[in-house]
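Enquirer: For reference, the file target_18.csv (CSV, C-alpha atoms and all ligand atoms) is included below:
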chain,number,residue,atom,x,y,z
A,1,MET,CA,-80.2,-10.1,-71.8
A,2,ARG,CA,-76.7,-11.3,-70.9
A,3,GLN,CA,-74.5,-8.4,-69.9
A,4,LYS,CA,-71.6,-7.8,-67.6
A,5,ILE,CA,-72.9,-6.7,-64.2
A,6,VAL,CA,-71.0,-5.7,-61.0
A,7,ALA,CA,-73.4,-5.4,-58.1
A,8,GLY,CA,-72.4,-4.1,-54.6
A,9,ASN,CA,-74.1,-5.6,-51.6
A,10,TRP,CA,-73.7,-3.1,-48.7
A,11,LYS,CA,-75.4,-5.5,-46.3
A,12,MET,CA,-76.4,-3.8,-43.0
A,13,ASN,CA,-73.8,-1.0,-43.4
A,14,ASN,CA,-74.0,2.8,-43.9
A,15,ASN,CA,-76.5,5.1,-42.2
A,16,LEU,CA,-78.3,7.6,-44.4
A,17,GLU,CA,-75.5,10.1,-44.6
A,18,ALA,CA,-72.8,7.5,-45.1
A,19,GLY,CA,-74.8,5.8,-47.8
A,20,LYS,CA,-75.4,9.0,-49.7
A,21,LYS,CA,-71.7,9.9,-49.4
A,22,LEU,CA,-70.5,6.5,-50.7
A,23,ALA,CA,-73.0,6.4,-53.6
A,24,GLN,CA,-72.0,10.0,-54.5
A,25,GLU,CA,-68.4,8.9,-54.6
A,26,VAL,CA,-69.2,6.0,-56.9
A,27,LEU,CA,-71.2,8.4,-59.1
A,28,ASP,CA,-68.4,11.0,-59.2
A,29,LYS,CA,-65.7,8.5,-60.0
A,30,ALA,CA,-67.6,6.3,-62.5
A,31,THR,CA,-67.2,7.6,-66.1
A,32,GLY,CA,-70.6,6.3,-67.4
A,33,ASN,CA,-68.7,4.3,-70.0
A,34,GLU,CA,-67.9,1.2,-67.8
A,35,GLU,CA,-68.2,-2.1,-69.6
A,36,ALA,CA,-70.3,-3.5,-66.8
A,37,GLN,CA,-73.7,-2.4,-65.5
A,38,ILE,CA,-73.1,-1.0,-62.0
A,39,VAL,CA,-75.7,-1.9,-59.3
A,40,LEU,CA,-75.6,-0.7,-55.7
A,41,GLY,CA,-77.5,-3.1,-53.3
A,42,THR,CA,-78.4,-0.9,-50.3
A,43,PRO,CA,-80.5,-1.1,-47.2
A,44,PHE,CA,-84.1,-0.1,-47.7
A,45,ILE,CA,-83.6,3.4,-46.1
A,46,HIS,CA,-81.4,4.4,-49.0
A,47,LEU,CA,-83.5,3.3,-51.9
A,48,THR,CA,-85.6,6.4,-52.5
A,49,VAL,CA,-82.8,9.0,-52.3
A,50,LEU,CA,-80.3,6.9,-54.2
A,51,ALA,CA,-82.8,5.8,-56.9
A,52,ASP,CA,-83.4,9.5,-57.4
A,53,SER,CA,-79.7,10.4,-57.6
A,54,VAL,CA,-79.0,7.7,-60.3
A,55,ALA,CA,-82.2,8.4,-62.3
A,56,GLY,CA,-81.2,9.2,-65.9
A,57,LYS,CA,-77.6,8.3,-65.3
A,58,LYS,CA,-76.2,5.7,-67.7
A,59,GLY,CA,-75.0,2.3,-66.4
A,60,ILE,CA,-75.8,2.6,-62.7
A,61,GLU,CA,-78.8,1.2,-60.9
A,62,ILE,CA,-80.0,0.6,-57.3
A,63,ALA,CA,-81.0,-2.7,-55.8
A,64,ALA,CA,-82.8,-3.6,-52.6
A,65,GLN,CA,-81.3,-6.5,-50.7
A,66,ASN,CA,-84.5,-8.3,-50.1
A,67,CYS,CA,-88.3,-8.1,-50.5
A,68,SER,CA,-91.2,-9.8,-48.8
A,69,ASP,CA,-92.7,-13.1,-50.0
A,70,LYS,CA,-96.1,-11.5,-49.4
A,71,ALA,CA,-97.7,-8.9,-51.6
A,72,SER,CA,-99.1,-6.7,-48.8
A,73,GLY,CA,-100.9,-6.7,-45.5
A,74,ALA,CA,-100.3,-7.3,-41.8
A,75,TYR,CA,-96.6,-8.3,-41.9
A,76,THR,CA,-94.9,-5.9,-39.5
A,77,GLY,CA,-91.4,-4.9,-40.5
A,78,GLU,CA,-91.6,-6.3,-44.0
A,79,THR,CA,-91.1,-4.4,-47.3
A,80,SER,CA,-93.0,-5.6,-50.4
A,81,ALA,CA,-91.7,-5.7,-53.9
A,82,GLU,CA,-94.3,-3.1,-54.9
A,83,MET,CA,-92.9,-0.8,-52.2
A,84,VAL,CA,-89.3,-1.3,-53.5
A,85,LYS,CA,-90.4,-0.5,-57.0
A,86,SER,CA,-92.3,2.6,-55.9
A,87,THR,CA,-88.9,4.1,-54.8
A,88,GLY,CA,-87.6,4.0,-58.4
A,89,THR,CA,-85.4,1.0,-57.6
A,90,ASN,CA,-85.1,-1.5,-60.5
A,91,TYR,CA,-83.2,-4.5,-59.0
A,92,VAL,CA,-83.7,-6.7,-55.9
A,93,ILE,CA,-81.3,-9.3,-54.5
A,94,ILE,CA,-83.2,-12.4,-53.6
A,95,GLY,CA,-82.0,-15.5,-51.6
A,96,HIS,CA,-78.7,-14.2,-50.3
A,97,SER,CA,-77.1,-16.9,-48.2
A,98,GLU,CA,-77.3,-14.7,-45.1
A,99,ARG,CA,-81.0,-14.5,-45.5
A,100,ARG,CA,-81.3,-18.2,-46.1
A,101,GLU,CA,-79.2,-19.0,-43.1
A,102,TYR,CA,-80.2,-16.3,-40.5
A,103,PHE,CA,-83.8,-15.9,-41.6
A,104,ASN,CA,-84.5,-19.4,-42.7
A,105,GLU,CA,-85.6,-18.5,-46.2
A,106,THR,CA,-86.5,-21.6,-48.2
A,107,ASN,CA,-86.4,-22.3,-51.9
A,108,ALA,CA,-90.2,-22.1,-52.0
A,109,GLN,CA,-90.3,-18.7,-50.2
A,110,LEU,CA,-87.7,-17.5,-52.6
A,111,ALA,CA,-89.8,-18.6,-55.6
A,112,ALA,CA,-92.6,-16.5,-54.2
A,113,LYS,CA,-90.3,-13.5,-53.8
A,114,VAL,CA,-89.1,-13.9,-57.4
A,115,ASP,CA,-92.7,-13.9,-58.7
A,116,LEU,CA,-93.6,-10.8,-56.7
A,117,ALA,CA,-90.5,-9.0,-57.9
A,118,LEU,CA,-91.1,-9.9,-61.5
A,119,ALA,CA,-94.7,-8.8,-61.2
A,120,GLN,CA,-93.4,-5.3,-60.2
A,121,GLU,CA,-90.8,-5.3,-63.1
A,122,LEU,CA,-88.0,-5.6,-60.6
A,123,ILE,CA,-84.9,-7.5,-61.9
A,124,PRO,CA,-84.1,-10.3,-59.4
A,125,ILE,CA,-80.5,-11.0,-58.6
A,126,PHE,CA,-81.1,-14.5,-57.5
A,127,CYS,CA,-78.4,-15.9,-55.2
A,128,CYS,CA,-77.4,-19.5,-54.8
A,129,GLY,CA,-74.4,-21.4,-53.4
A,130,GLU,CA,-73.3,-24.2,-51.2
A,131,SER,CA,-71.7,-24.5,-47.7
A,132,LEU,CA,-68.2,-25.8,-47.1
A,133,GLU,CA,-69.7,-29.0,-45.7
A,134,ILE,CA,-71.7,-29.6,-48.9
A,135,ARG,CA,-68.6,-29.0,-51.1
A,136,GLU,CA,-66.5,-31.3,-49.0
A,137,LYS,CA,-69.1,-34.0,-49.5
A,138,GLU,CA,-68.9,-33.3,-53.3
A,139,GLU,CA,-72.6,-32.5,-53.4
A,140,HIS,CA,-72.2,-28.9,-54.5
A,141,PHE,CA,-73.3,-29.2,-58.1
A,142,SER,CA,-76.6,-31.0,-57.3
A,143,TYR,CA,-77.2,-28.8,-54.3
A,144,VAL,CA,-76.9,-25.5,-56.2
A,145,LYS,CA,-78.8,-26.9,-59.2
A,146,GLN,CA,-81.7,-27.8,-56.9
A,147,GLN,CA,-81.8,-24.3,-55.6
A,148,LEU,CA,-82.3,-23.0,-59.1
A,149,THR,CA,-84.8,-25.8,-59.9
A,150,GLU,CA,-87.0,-25.1,-56.8
A,151,SER,CA,-87.0,-21.3,-57.0
A,152,LEU,CA,-86.8,-20.6,-60.8
A,153,PHE,CA,-88.0,-23.5,-62.9
A,154,HIS,CA,-91.7,-22.6,-62.5
A,155,LEU,CA,-91.0,-19.4,-64.5
A,156,SER,CA,-92.2,-18.8,-68.0
A,157,SER,CA,-89.4,-18.3,-70.6
A,158,ALA,CA,-90.3,-14.6,-70.8
A,159,ASP,CA,-89.9,-14.2,-67.0
A,160,PHE,CA,-86.8,-16.3,-66.8
A,161,ALA,CA,-85.2,-14.0,-69.4
A,162,LYS,CA,-85.3,-11.2,-66.8
A,163,ILE,CA,-83.4,-13.1,-64.1
A,164,VAL,CA,-79.8,-12.5,-63.0
A,165,ILE,CA,-78.1,-15.3,-61.1
A,166,ALA,CA,-75.3,-14.8,-58.5
A,167,TYR,CA,-73.3,-17.9,-57.5
A,168,GLU,CA,-71.9,-17.3,-54.1
A,169,PRO,CA,-70.2,-20.2,-52.3
A,170,ILE,CA,-71.0,-19.6,-48.7
A,171,TRP,CA,-67.4,-20.6,-47.6
A,172,ALA,CA,-66.1,-17.7,-49.7
A,173,ILE,CA,-68.5,-14.9,-48.4
A,174,GLY,CA,-66.7,-12.5,-46.1
A,175,THR,CA,-64.1,-15.0,-45.3
A,176,GLY,CA,-61.2,-13.7,-47.5
A,177,ARG,CA,-61.2,-17.2,-49.0
A,178,THR,CA,-62.2,-16.9,-52.6
A,179,ALA,CA,-63.2,-19.7,-55.1
A,180,SER,CA,-60.4,-20.2,-57.7
A,181,SER,CA,-61.3,-18.9,-61.1
A,182,ALA,CA,-61.5,-22.5,-62.2
A,183,GLN,CA,-63.9,-23.4,-59.4
A,184,ALA,CA,-66.1,-20.4,-60.3
A,185,GLN,CA,-66.1,-21.2,-64.1
A,186,GLU,CA,-66.8,-24.9,-63.4
A,187,MET,CA,-69.9,-24.1,-61.4
A,188,HIS,CA,-71.1,-21.4,-63.7
A,189,ALA,CA,-70.8,-23.7,-66.7
A,190,GLU,CA,-72.7,-26.4,-64.8
A,191,LEU,CA,-75.4,-24.0,-63.8
A,192,ARG,CA,-75.7,-22.7,-67.4
A,193,ALA,CA,-76.1,-26.2,-68.7
A,194,HIS,CA,-78.7,-26.9,-66.0
A,195,LEU,CA,-80.6,-23.8,-67.1
A,196,ALA,CA,-80.3,-24.9,-70.8
A,197,SER,CA,-81.8,-28.3,-69.9
A,198,HIS,CA,-85.0,-26.6,-68.8
A,199,PHE,CA,-85.2,-23.2,-70.6
A,200,GLY,CA,-83.2,-24.1,-73.7
A,201,GLN,CA,-79.7,-23.1,-74.8
A,202,GLU,CA,-80.5,-19.7,-76.2
A,203,LEU,CA,-82.1,-18.4,-72.9
A,204,ALA,CA,-79.4,-20.0,-70.8
A,205,ASP,CA,-76.8,-18.3,-72.9
A,206,SER,CA,-78.6,-15.0,-72.4
A,207,CYS,CA,-78.5,-15.2,-68.6
A,208,SER,CA,-75.9,-13.2,-66.6
A,209,ILE,CA,-74.3,-15.4,-64.0
A,210,LEU,CA,-72.3,-13.4,-61.4
A,211,TYR,CA,-69.8,-14.7,-59.0
A,212,GLY,CA,-69.7,-13.6,-55.3
A,213,GLY,CA,-67.4,-14.3,-52.4
A,214,SER,CA,-64.4,-12.3,-51.3
A,215,CYS,CA,-64.0,-10.7,-54.7
A,216,LYS,CA,-61.4,-7.9,-54.5
A,217,PRO,CA,-59.5,-5.6,-57.0
A,218,SER,CA,-56.6,-8.1,-56.8
A,219,ASN,CA,-58.6,-11.2,-57.8
A,220,ALA,CA,-61.5,-9.9,-59.9
A,221,LYS,CA,-59.8,-9.9,-63.2
A,222,GLU,CA,-58.8,-13.5,-63.0
A,223,ILE,CA,-62.3,-14.6,-61.8
A,224,PHE,CA,-64.1,-12.6,-64.5
A,225,GLU,CA,-62.0,-14.2,-67.2
A,226,GLY,CA,-64.1,-17.4,-67.0
A,227,SER,CA,-66.3,-17.6,-70.1
A,228,ASP,CA,-69.4,-18.2,-68.0
A,229,VAL,CA,-68.6,-15.6,-65.4
A,230,ASP,CA,-70.5,-12.4,-66.3
A,231,GLY,CA,-69.5,-10.2,-63.3
A,232,GLY,CA,-69.7,-10.2,-59.6
A,233,LEU,CA,-71.8,-9.6,-56.5
A,234,ILE,CA,-69.4,-7.7,-54.1
A,235,GLY,CA,-69.9,-7.4,-50.4
A,236,GLY,CA,-67.0,-6.0,-48.3
A,237,ALA,CA,-65.2,-4.4,-51.2
A,238,SER,CA,-68.3,-2.5,-52.3
A,239,LEU,CA,-68.0,-0.3,-49.2
A,240,ASN,CA,-65.1,1.5,-50.7
A,241,ALA,CA,-65.8,3.4,-53.9
A,242,ASN,CA,-62.2,3.0,-55.3
A,243,ASP,CA,-62.1,-0.8,-54.6
A,244,PHE,CA,-65.6,-1.2,-56.0
A,245,LEU,CA,-64.9,0.7,-59.2
A,246,ALA,CA,-61.6,-1.1,-59.6
A,247,ILE,CA,-63.6,-4.4,-59.6
A,248,VAL,CA,-66.1,-2.9,-62.0
A,249,ASN,CA,-63.2,-2.1,-64.3
A,250,SER,CA,-61.7,-5.5,-64.1
A,251,PHE,CA,-63.0,-6.9,-67.4
B,301,LIG,C1,-71.9,-11.0,-50.5
B,301,LIG,O1,-72.2,-10.6,-49.4
B,301,LIG,O2,-72.7,-11.2,-51.4
B,301,LIG,C2,-70.4,-11.1,-50.7
B,301,LIG,C3,-70.0,-11.7,-51.8
B,301,LIG,O3,-69.6,-10.7,-49.7
B,301,LIG,P1,-68.0,-10.6,-49.7
B,301,LIG,O4,-67.6,-10.0,-51.1
B,301,LIG,O5,-67.7,-9.7,-48.6
B,301,LIG,O6,-67.4,-12.0,-49.6
Take the structure I supplied and represent it as structure tokens, if you would.

Expert:
Amino acid sequence: MRQKIVAGNWKMNNNLEAGKKLAQEVLDKATGNEEAQIVLGTPFIHLTVLADSVAGKKGIEIAAQNCSDKASGAYTGETSAEMVKSTGTNYVIIGHSERREYFNETNAQLAAKVDLALAQELIPIFCCGESLEIREKEEHFSYVKQQLTESLFHLSSADFAKIVIAYEPIWAIGTGRTASSAQAQEMHAELRAHLASHFGQELADSCSILYGGSCKPSNAKEIFEGSDVDGGLIGGASLNANDFLAIVNSF
């Protein structure tokens, strides 16, 4: 179902105490009547305790930042979708550009992660986005559409309906350089049309497509004004409860 979502991605920040403190601050300052669904994307160590603390609270959920592309077994250091779900967590970020770049995750592996997540009734926040080099070659639309095709187009309509997409141009992540609201809207509209060409207009119109890349309280409102922009995936600014909630309240 299409809804406004603002998801934080803490990345590899916050030890157990710091994570509990930050999440508590978000919980204390959120009213529960925010227009956007709030999601906190935390390291695995936080999932159990934070999923517990948001249980039964309206409008706030926890996400893992990754899950394995294998169901179980001898994969030392990996965490399965089933393990994530067993903590009470309901979302999982899949295919963040840092995982694609530093851990060589491919579109095919990401398709497997999406399947395993859906099998556990986790909601995937599926990330896509192009590098600066690809944008400068003007191949960004076809590149990002291919990411969606190769990782999501095998899904049934019923499964696709559960997916959230985050468009994150790599050149805007953690760089302070954000896409303009026009660039974000243009890509989101292109992606929605691509989804419609395969899954039909109704399902494409029901999909939440978030923008990510140096989103801050000062630029979120303008970015979220795009008619195809349904919220944001927020890295750096999600580490400060006031900044994060200011973004949540930017609609
Ligand atoms: C991210 O990591 O998903 C992200 C968008 O980071 P930042 O907001 O810091 O650019």

Enquirer: Taking (-85.3, 0.5, -51.1) in the file's own coordinates, collect the residues within 10 Å, counting all atoms listed in the file, and hand them back as a PDB file with C-alpha atoms, keeping the file's coordinate frame.

Expert:
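The result, written out as part_21.pdb:
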ATOM      1  CA  GLY A  41     -77.500  -3.100 -53.300  1.00  0.00           C
ATOM      2  CA  THR A  42     -78.400  -0.900 -50.300  1.00  0.00           C
ATOM      3  CA  PRO A  43     -80.500  -1.100 -47.200  1.00  0.00           C
ATOM      4  CA  PHE A  44     -84.100  -0.100 -47.700  1.00  0.00           C
ATOM      5  CA  ILE A  45     -83.600   3.400 -46.100  1.00  0.00           C
ATOM      6  CA  HIS A  46     -81.400   4.400 -49.000  1.00  0.00           C
ATOM      7  CA  LEU A  47     -83.500   3.300 -51.900  1.00  0.00           C
ATOM      8  CA  THR A  48     -85.600   6.400 -52.500  1.00  0.00           C
ATOM      9  CA  VAL A  49     -82.800   9.000 -52.300  1.00  0.00           C
ATOM     10  CA  LEU A  50     -80.300   6.900 -54.200  1.00  0.00           C
ATOM     11  CA  ALA A  51     -82.800   5.800 -56.900  1.00  0.00           C
ATOM     12  CA  ILE A  62     -80.000   0.600 -57.300  1.00  0.00           C
ATOM     13  CA  ALA A  63     -81.000  -2.700 -55.800  1.00  0.00           C
ATOM     14  CA  ALA A  64     -82.800  -3.600 -52.600  1.00  0.00           C
ATOM     15  CA  GLN A  65     -81.300  -6.500 -50.700  1.00  0.00           C
ATOM     16  CA  ASN A  66     -84.500  -8.300 -50.100  1.00  0.00           C
ATOM     17  CA  CYS A  67     -88.300  -8.100 -50.500  1.00  0.00           C
ATOM     18  CA  THR A  79     -91.100  -4.400 -47.300  1.00  0.00           C
ATOM     19  CA  SER A  80     -93.000  -5.600 -50.400  1.00  0.00           C
ATOM     20  CA  ALA A  81     -91.700  -5.700 -53.900  1.00  0.00           C
ATOM     21  CA  MET A  83     -92.900  -0.800 -52.200  1.00  0.00           C
ATOM     22  CA  VAL A  84     -89.300  -1.300 -53.500  1.00  0.00           C
ATOM     23  CA  LYS A  85     -90.400  -0.500 -57.000  1.00  0.00           C
ATOM     24  CA  SER A  86     -92.300   2.600 -55.900  1.00  0.00           C
ATOM     25  CA  THR A  87     -88.900   4.100 -54.800  1.00  0.00           C
ATOM     26  CA  GLY A  88     -87.600   4.000 -58.400  1.00  0.00           C
ATOM     27  CA  THR A  89     -85.400   1.000 -57.600  1.00  0.00           C
ATOM     28  CA  ASN A  90     -85.100  -1.500 -60.500  1.00  0.00           C
ATOM     29  CA  TYR A  91     -83.200  -4.500 -59.000  1.00  0.00           C
ATOM     30  CA  VAL A  92     -83.700  -6.700 -55.900  1.00  0.00           C
TER      31      VAL A  92
END

Enquirer: Have a look at A:Lys11, A:Lys58, A:Lys70, A:Arg99 and name the one nearest to ligand LIG 301 (chain B); count only C-alpha atoms and all ligand atoms.

Expert: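 Smallest separation from ligand LIG 301 (chain B) among the options: A:Lys11.
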
Enquirer: In Å, rounded to a single decimal, give me how far atom CA of A:Glu150 is from atom CA of A:Ala111.

Expert: 7.2 Å

Enquirer: Counting all atoms listed in the file, which residue out of A:Glu138, A:Asp28, A:Glu222, A:Glu168 sits closest to ligand LIG 301 (chain B)?

Expert: A:Glu168

Enquirer: Would you list the residues that come within 9 Å of ligand LIG 301 (chain B)? Count all atoms listed in the file and give the answer as a tab-separated table (two decimals) with C-alpha atoms, in the frame of the given file.

Expert:
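The file below, selection-v1.tsv, is the result:
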chain	number	residue	atom	x	y	z
A	7	ALA	CA	-73.40	-5.40	-58.10
A	8	GLY	CA	-72.40	-4.10	-54.60
A	9	ASN	CA	-74.10	-5.60	-51.60
A	10	TRP	CA	-73.70	-3.10	-48.70
A	11	LYS	CA	-75.40	-5.50	-46.30
A	96	HIS	CA	-78.70	-14.20	-50.30
A	97	SER	CA	-77.10	-16.90	-48.20
A	98	GLU	CA	-77.30	-14.70	-45.10
A	127	CYS	CA	-78.40	-15.90	-55.20
A	166	ALA	CA	-75.30	-14.80	-58.50
A	168	GLU	CA	-71.90	-17.30	-54.10
A	169	PRO	CA	-70.20	-20.20	-52.30
A	170	ILE	CA	-71.00	-19.60	-48.70
A	171	TRP	CA	-67.40	-20.60	-47.60
A	172	ALA	CA	-66.10	-17.70	-49.70
A	173	ILE	CA	-68.50	-14.90	-48.40
A	174	GLY	CA	-66.70	-12.50	-46.10
A	175	THR	CA	-64.10	-15.00	-45.30
A	176	GLY	CA	-61.20	-13.70	-47.50
A	177	ARG	CA	-61.20	-17.20	-49.00
A	178	THR	CA	-62.20	-16.90	-52.60
A	211	TYR	CA	-69.80	-14.70	-59.00
A	212	GLY	CA	-69.70	-13.60	-55.30
A	213	GLY	CA	-67.40	-14.30	-52.40
A	214	SER	CA	-64.40	-12.30	-51.30
A	215	CYS	CA	-64.00	-10.70	-54.70
A	216	LYS	CA	-61.40	-7.90	-54.50
A	232	GLY	CA	-69.70	-10.20	-59.60
A	233	LEU	CA	-71.80	-9.60	-56.50
A	234	ILE	CA	-69.40	-7.70	-54.10
A	235	GLY	CA	-69.90	-7.40	-50.40
A	236	GLY	CA	-67.00	-6.00	-48.30
A	237	ALA	CA	-65.20	-4.40	-51.20
A	238	SER	CA	-68.30	-2.50	-52.30

Enquirer: As a JSON list (two decimals) with C-alpha atoms, in the coordinates of the input, please: the residues near A:Glu202 (cut-off 12 Å, all atoms listed in the file, same-chain neighbours under 5 positions excluded).

Expert:
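Okay, this is what ended up in result_32.json:
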[["chain", "number", "residue", "atom", "x", "y", "z"],
["A", 1, "MET", "CA", -80.20, -10.10, -71.80],
["A", 2, "ARG", "CA", -76.70, -11.30, -70.90],
["A", 157, "SER", "CA", -89.40, -18.30, -70.60],
["A", 160, "PHE", "CA", -86.80, -16.30, -66.80],
["A", 161, "ALA", "CA", -85.20, -14.00, -69.40],
["A", 192, "ARG", "CA", -75.70, -22.70, -67.40],
["A", 193, "ALA", "CA", -76.10, -26.20, -68.70],
["A", 195, "LEU", "CA", -80.60, -23.80, -67.10],
["A", 196, "ALA", "CA", -80.30, -24.90, -70.80],
["A", 197, "SER", "CA", -81.80, -28.30, -69.90],
["A", 207, "CYS", "CA", -78.50, -15.20, -68.60]]

Enquirer: Could you jot down the atom CA of A:Ile134 to atom CA of A:Ala184 separation for me, Å, one decimal place?

Expert: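 Between these atoms lies a distance of 15.7 Å.
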
Enquirer: Near A:Glu61, counting only C-alpha atoms, which residues have an atom at most 7 Å away, once you skip same-chain residues fewer than 3 positions from it, shown as a list in words?

Expert: Ile38, Val39, Leu40, Val54 and Asn90 of chain A

Enquirer: For the atom pair atom CA of A:Ala36 and atom CA of A:Lys113, what is the interatomic distance in Å to one decimal place?

Expert: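 Taking atom CA of A:Ala36 and atom CA of A:Lys113, their separation equals 25.9 Å.
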
Enquirer: Given the choices A:Asn242, A:Ser68, A:Gln185, A:Thr76, which gets closest to A:Phe103 if the distance is worked out from only C-alpha atoms?

Expert: A:Ser68

Enquirer: If you count all atoms listed in the file, which residues fall within 8 Å of A:Phe251, apart from same-chain ones fewer than 6 positions away, as JSON, numbers by chain?

Expert: {"A": [35, 221, 224, 225]}

Enquirer: Complete the atom set of stretch 141-155 of chain A to N, CA, C and O atoms and return it as a CSV table (one decimal), keeping the file's coordinate frame.

Expert:
chain,number,residue,atom,x,y,z
A,141,PHE,N,-72.6,-29.4,-56.8
A,141,PHE,CA,-73.3,-29.2,-58.1
A,141,PHE,C,-74.8,-29.5,-57.9
A,141,PHE,O,-75.7,-28.7,-58.3
A,142,SER,N,-75.1,-30.7,-57.4
A,142,SER,CA,-76.6,-31.0,-57.3
A,142,SER,C,-77.3,-30.1,-56.3
A,142,SER,O,-78.4,-29.7,-56.6
A,143,TYR,N,-76.6,-29.7,-55.2
A,143,TYR,CA,-77.2,-28.8,-54.3
A,143,TYR,C,-77.6,-27.4,-54.9
A,143,TYR,O,-78.7,-26.9,-54.8
A,144,VAL,N,-76.7,-26.8,-55.6
A,144,VAL,CA,-76.9,-25.5,-56.2
A,144,VAL,C,-77.9,-25.6,-57.3
A,144,VAL,O,-78.8,-24.8,-57.5
A,145,LYS,N,-77.9,-26.7,-58.1
A,145,LYS,CA,-78.8,-26.9,-59.2
A,145,LYS,C,-80.2,-27.0,-58.6
A,145,LYS,O,-81.2,-26.5,-59.2
A,146,GLN,N,-80.3,-27.7,-57.5
A,146,GLN,CA,-81.7,-27.8,-56.9
A,146,GLN,C,-82.2,-26.5,-56.4
A,146,GLN,O,-83.4,-26.2,-56.5
A,147,GLN,N,-81.3,-25.6,-55.9
A,147,GLN,CA,-81.8,-24.3,-55.6
A,147,GLN,C,-82.4,-23.6,-56.8
A,147,GLN,O,-83.5,-22.9,-56.6
A,148,LEU,N,-81.8,-23.7,-57.9
A,148,LEU,CA,-82.3,-23.0,-59.1
A,148,LEU,C,-83.6,-23.7,-59.5
A,148,LEU,O,-84.6,-23.1,-59.8
A,149,THR,N,-83.6,-25.0,-59.5
A,149,THR,CA,-84.8,-25.8,-59.9
A,149,THR,C,-86.0,-25.4,-59.0
A,149,THR,O,-87.1,-25.0,-59.6
A,150,GLU,N,-85.8,-25.3,-57.7
A,150,GLU,CA,-87.0,-25.1,-56.8
A,150,GLU,C,-87.4,-23.6,-56.8
A,150,GLU,O,-88.6,-23.4,-56.4
A,151,SER,N,-86.6,-22.7,-57.1
A,151,SER,CA,-87.0,-21.3,-57.0
A,151,SER,C,-87.2,-20.7,-58.4
A,151,SER,O,-87.9,-19.6,-58.5
A,152,LEU,N,-86.7,-21.3,-59.5
A,152,LEU,CA,-86.8,-20.6,-60.8
A,152,LEU,C,-87.5,-21.4,-61.9
A,152,LEU,O,-87.9,-20.8,-62.9
A,153,PHE,N,-87.6,-22.7,-61.7
A,153,PHE,CA,-88.0,-23.5,-62.9
A,153,PHE,C,-89.5,-23.4,-63.1
A,153,PHE,O,-90.0,-24.0,-64.1
A,154,HIS,N,-90.2,-22.8,-62.3
A,154,HIS,CA,-91.7,-22.6,-62.5
A,154,HIS,C,-91.9,-21.4,-63.4
A,154,HIS,O,-93.0,-21.2,-63.9
A,155,LEU,N,-90.9,-20.6,-63.7
A,155,LEU,CA,-91.0,-19.4,-64.5
A,155,LEU,C,-91.3,-19.7,-66.0
A,155,LEU,O,-90.8,-20.6,-66.5
